[in-house]
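I have placed the structure first, in the form of structure tokens, so that the comments after it can refer back to it.
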Amino acid sequence: MAGSTFGKILKLTTWGESHGPALGVVLDGCPAGIEIDEEYIQSFLDRRKPGQSDFSTKRNESDRVDILSGVFEGKTTGAPISMMIRNETQISRDYSNIASVYRPGHADYTFDEKYGFRDYRGGGRSSGRETAARVAAGAIAIKLLSELGVSFTTYVESVGDICIDPARFDREEIFKNKLYMPDKEAAEKASEYLRGLAADKDSSGATVKCIISGVPAGLGDPVFDKLDARLAMAVMSIGAVKAFEVGNGKVASKLKGSENNDEFYNDNGVVRKRSNNSGGILGGISDGSDIILTASFKPTPSIYKEQHTVNKAHEDVAIEIKGRHDPIIAPRAVVVVEAMSALVIADALLMNCTSRMDNIIKFYKD
């Protein structure tokens, strides 16, 4: 199976299945000397792990991470960093009724068409559980970036048609509610909405916003490796993401050039913008402003209502999905969006070291 590796210099390869013994990641190309320990990485995995609230799956995994290589005496060594997360409470019998049936909204049919075989236990490689490995690697990228002053503010912006009010934005509120919304009033409305959906055996879509501050101008390349294109690939690779936007996104298509352009000005010798409709990226290259990303997640496809589908014999059948599933994906995916974005920015920083000859001379001669 191809396609499990991502990155140019900072490369991650994830492995494992939802109902296998374990899953994990190998992160190669990480500079030596970054202070890392398992508890730091665990703090990110705890944001993603299941069983945190009424709005996440009841699968009770500790998601404890073991660092197997690449870290010695609390610092990265420059060698590949291998990390493993054991699966502890998988209940594969919950999926026996769909072994030969294609679940609506899932990758069952497409896996069968591509490979002639699929791991039906929780979705195998297409399960959202695979993202735990990405978060472990992303935590290291975030630590690397923090040493350069790059920071992240990531949250759920909307649940269904309930959206936060920018006038009530409270960064500290993000970690005070289980929906990771920076607006207490919106979070309460969304919670009530989700409880109603759960009672009706249904699920909801949502959007996640990621604001990356402190990114220097000049990251990314102007053709196929545009920074926004790499970020889009990273975020769209997260299961259930169906749309990706930078800055104004699709709103820009409704504006005039005079409304959408960000005017520059000189701020004591520093070039700045009066607005940030571009979302911090121009021509595929970071412009020094906050990078603003939005990911749209579809509703969880595993719902408990009876649905109509077909089986492997292409016979029309009805199905009622069992197992333990999130009624909404986005809250647990907030840290996944953050992790994948961090991996792209860190990789772009490393690639940018060789973009100018004066940088190379400074490194080797100064």
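In the structure tokens, chains take the letters A, B, ... in the order shown, each chain's residues start at 1, and ligands count up from 1 in the order shown.
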
Would you pick out the contacts of Ile81 in chain A at 6 Å or less, using only C-alpha atoms, so that residues sharing its chain but fewer than 5 positions from it are not included, and give the list as an MDAnalysis selection string? chainID A and resid 26:27 69:70

Skip Val334 in chain A itself and residues of its chain fewer than 6 positions away, then list as a ChimeraX atom specification all residues within 8 Å of it, counting only C-alpha atoms. /A:48,154-156,180,208

Might you pull out every residue within 10 Å of Leu350 in chain A, with only C-alpha atoms counted and same-chain residues fewer than 2 positions away left off, and present them as a list in words? Lys8, Ile9, Leu10, Gly29, Cys30, Pro31, Leu219, Ile345, Ala346, Asp347, Ala348, Asn352, Cys353, Thr354 and Ser355 of chain A

Give me the residues within 7 Å of range 293-300 of chain A as a PyMOL selection string, counting only C-alpha atoms and dropping any in the same chain fewer than 4 places off. chain A and resi 203-211+240-247+326-330

Would you kindly return, as a PyMOL selection string, each protein, DNA or RNA residue with an atom no farther than 8 Å from any atom of Glu263 in chain A, considering only C-alpha atoms and excluding same-chain residues fewer than 4 positions away? chain A and resi 273-275

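Take the candidates A:Leu349, A:Met83, A:Ile303, A:Ile34 and check each one against Ala132 in chain A using only C-alpha atoms; the shortest distance goes to A:Met83.
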
Quick one: DSSP strand (DSSP E or B) residues in range 160-341 of chain A, as number ranges by chain? A: 162-163, 204, 206-213, 241-246, 264-267, 270-273, 281-282, 285-286, 291-297, 307-311, 316-319, 328

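Omitting Arg168 in chain A and its sequence neighbours fewer than 3 positions away, and counting only C-alpha atoms, the residues within 10 Å are Ile164, Asp165, Arg171, Pro182, Asp183, Lys184, Glu185 and Ala186 of chain A.
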
Selection above as a file: N, CA, C and O atoms, as a PDB file, in the first residue's frame:
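Written file, out28.pdb:
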ATOM      1  N   ILE A 164     -19.254  30.277  15.840  1.00  0.00           N
ATOM      2  CA  ILE A 164     -18.807  31.180  16.899  1.00  0.00           C
ATOM      3  C   ILE A 164     -19.001  32.630  16.459  1.00  0.00           C
ATOM      4  O   ILE A 164     -18.998  32.939  15.270  1.00  0.00           O
ATOM      5  N   ASP A 165     -19.146  33.503  17.442  1.00  0.00           N
ATOM      6  CA  ASP A 165     -19.255  34.941  17.191  1.00  0.00           C
ATOM      7  C   ASP A 165     -17.879  35.558  17.455  1.00  0.00           C
ATOM      8  O   ASP A 165     -17.376  35.473  18.578  1.00  0.00           O
ATOM      9  N   ARG A 171      -9.762  32.921  23.615  1.00  0.00           N
ATOM     10  CA  ARG A 171      -8.781  31.858  23.368  1.00  0.00           C
ATOM     11  C   ARG A 171      -8.743  30.851  24.514  1.00  0.00           C
ATOM     12  O   ARG A 171      -8.610  29.644  24.292  1.00  0.00           O
ATOM     13  N   PRO A 182     -14.008  28.540  20.946  1.00  0.00           N
ATOM     14  CA  PRO A 182     -13.574  29.722  21.699  1.00  0.00           C
ATOM     15  C   PRO A 182     -14.711  30.680  22.028  1.00  0.00           C
ATOM     16  O   PRO A 182     -14.479  31.869  22.246  1.00  0.00           O
ATOM     17  N   ASP A 183     -15.914  30.182  22.073  1.00  0.00           N
ATOM     18  CA  ASP A 183     -17.102  30.989  22.334  1.00  0.00           C
ATOM     19  C   ASP A 183     -18.020  30.131  23.201  1.00  0.00           C
ATOM     20  O   ASP A 183     -18.619  29.159  22.729  1.00  0.00           O
ATOM     21  N   LYS A 184     -18.131  30.480  24.494  1.00  0.00           N
ATOM     22  CA  LYS A 184     -18.892  29.664  25.445  1.00  0.00           C
ATOM     23  C   LYS A 184     -20.347  29.519  25.028  1.00  0.00           C
ATOM     24  O   LYS A 184     -20.917  28.422  25.099  1.00  0.00           O
ATOM     25  N   GLU A 185     -20.956  30.606  24.586  1.00  0.00           N
ATOM     26  CA  GLU A 185     -22.369  30.569  24.203  1.00  0.00           C
ATOM     27  C   GLU A 185     -22.589  29.649  22.995  1.00  0.00           C
ATOM     28  O   GLU A 185     -23.529  28.848  22.983  1.00  0.00           O
ATOM     29  N   ALA A 186     -21.723  29.754  22.003  1.00  0.00           N
ATOM     30  CA  ALA A 186     -21.840  28.888  20.825  1.00  0.00           C
ATOM     31  C   ALA A 186     -21.618  27.431  21.211  1.00  0.00           C
ATOM     32  O   ALA A 186     -22.287  26.526  20.686  1.00  0.00           O
TER      33      ALA A 186
END

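Considering only C-alpha atoms, the residue among A:Cys163, A:Ser100, A:Val150, A:Asn266 positioned nearest to His314 in chain A is A:Ser100.
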
Exercise: Ser213 in chain A partners within 7 Å, only C-alpha atoms, chain neighbours under 6 positions left out, as a PyMOL selection string: chain A and resi 150-152+290-291

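Proximity ranking of A:Arg134, A:Lys178, A:Arg195, A:Lys201 relative to Pro331 in chain A places A:Lys178 first, based on only C-alpha atoms.
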
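Shortest separation to Lys11 in chain A among A:Asp112, A:Asp28, A:Glu192, A:Asp228 occurs at residue A:Asp28, atoms counted being only C-alpha atoms.
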
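Minimum atom-to-atom distances from A:Ile281, A:Met351, A:Leu194, A:Ile140 to Asp161 in chain A were compared using only C-alpha atoms, and the lowest value belongs to A:Leu194.
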
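Across A:Gly288, A:Met1, A:Ala136, A:Gly20, the tightest approach to Ser82 in chain A is made by A:Ala136 when counting only C-alpha atoms.
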
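If you look at CA of Ile98 in chain A and CA of Val135 in chain A, they are 28.9 Å away from each other.
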
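Residues of range 22-128 of chain A that DSSP, applied to the backbone, places in alpha helix (DSSP H): Glu38, Glu39, Tyr40, Ile41, Gln42, Ser43, Phe44, Leu45, Asp46, Arg47, Arg48, Asp108, Tyr109, Thr110, Phe111, Asp112, Glu113, Lys114 and Tyr115 of chain A.
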
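Between CA of Gly220 in chain A and CA of Val270 in chain A the interatomic distance comes to 20.3 Å.
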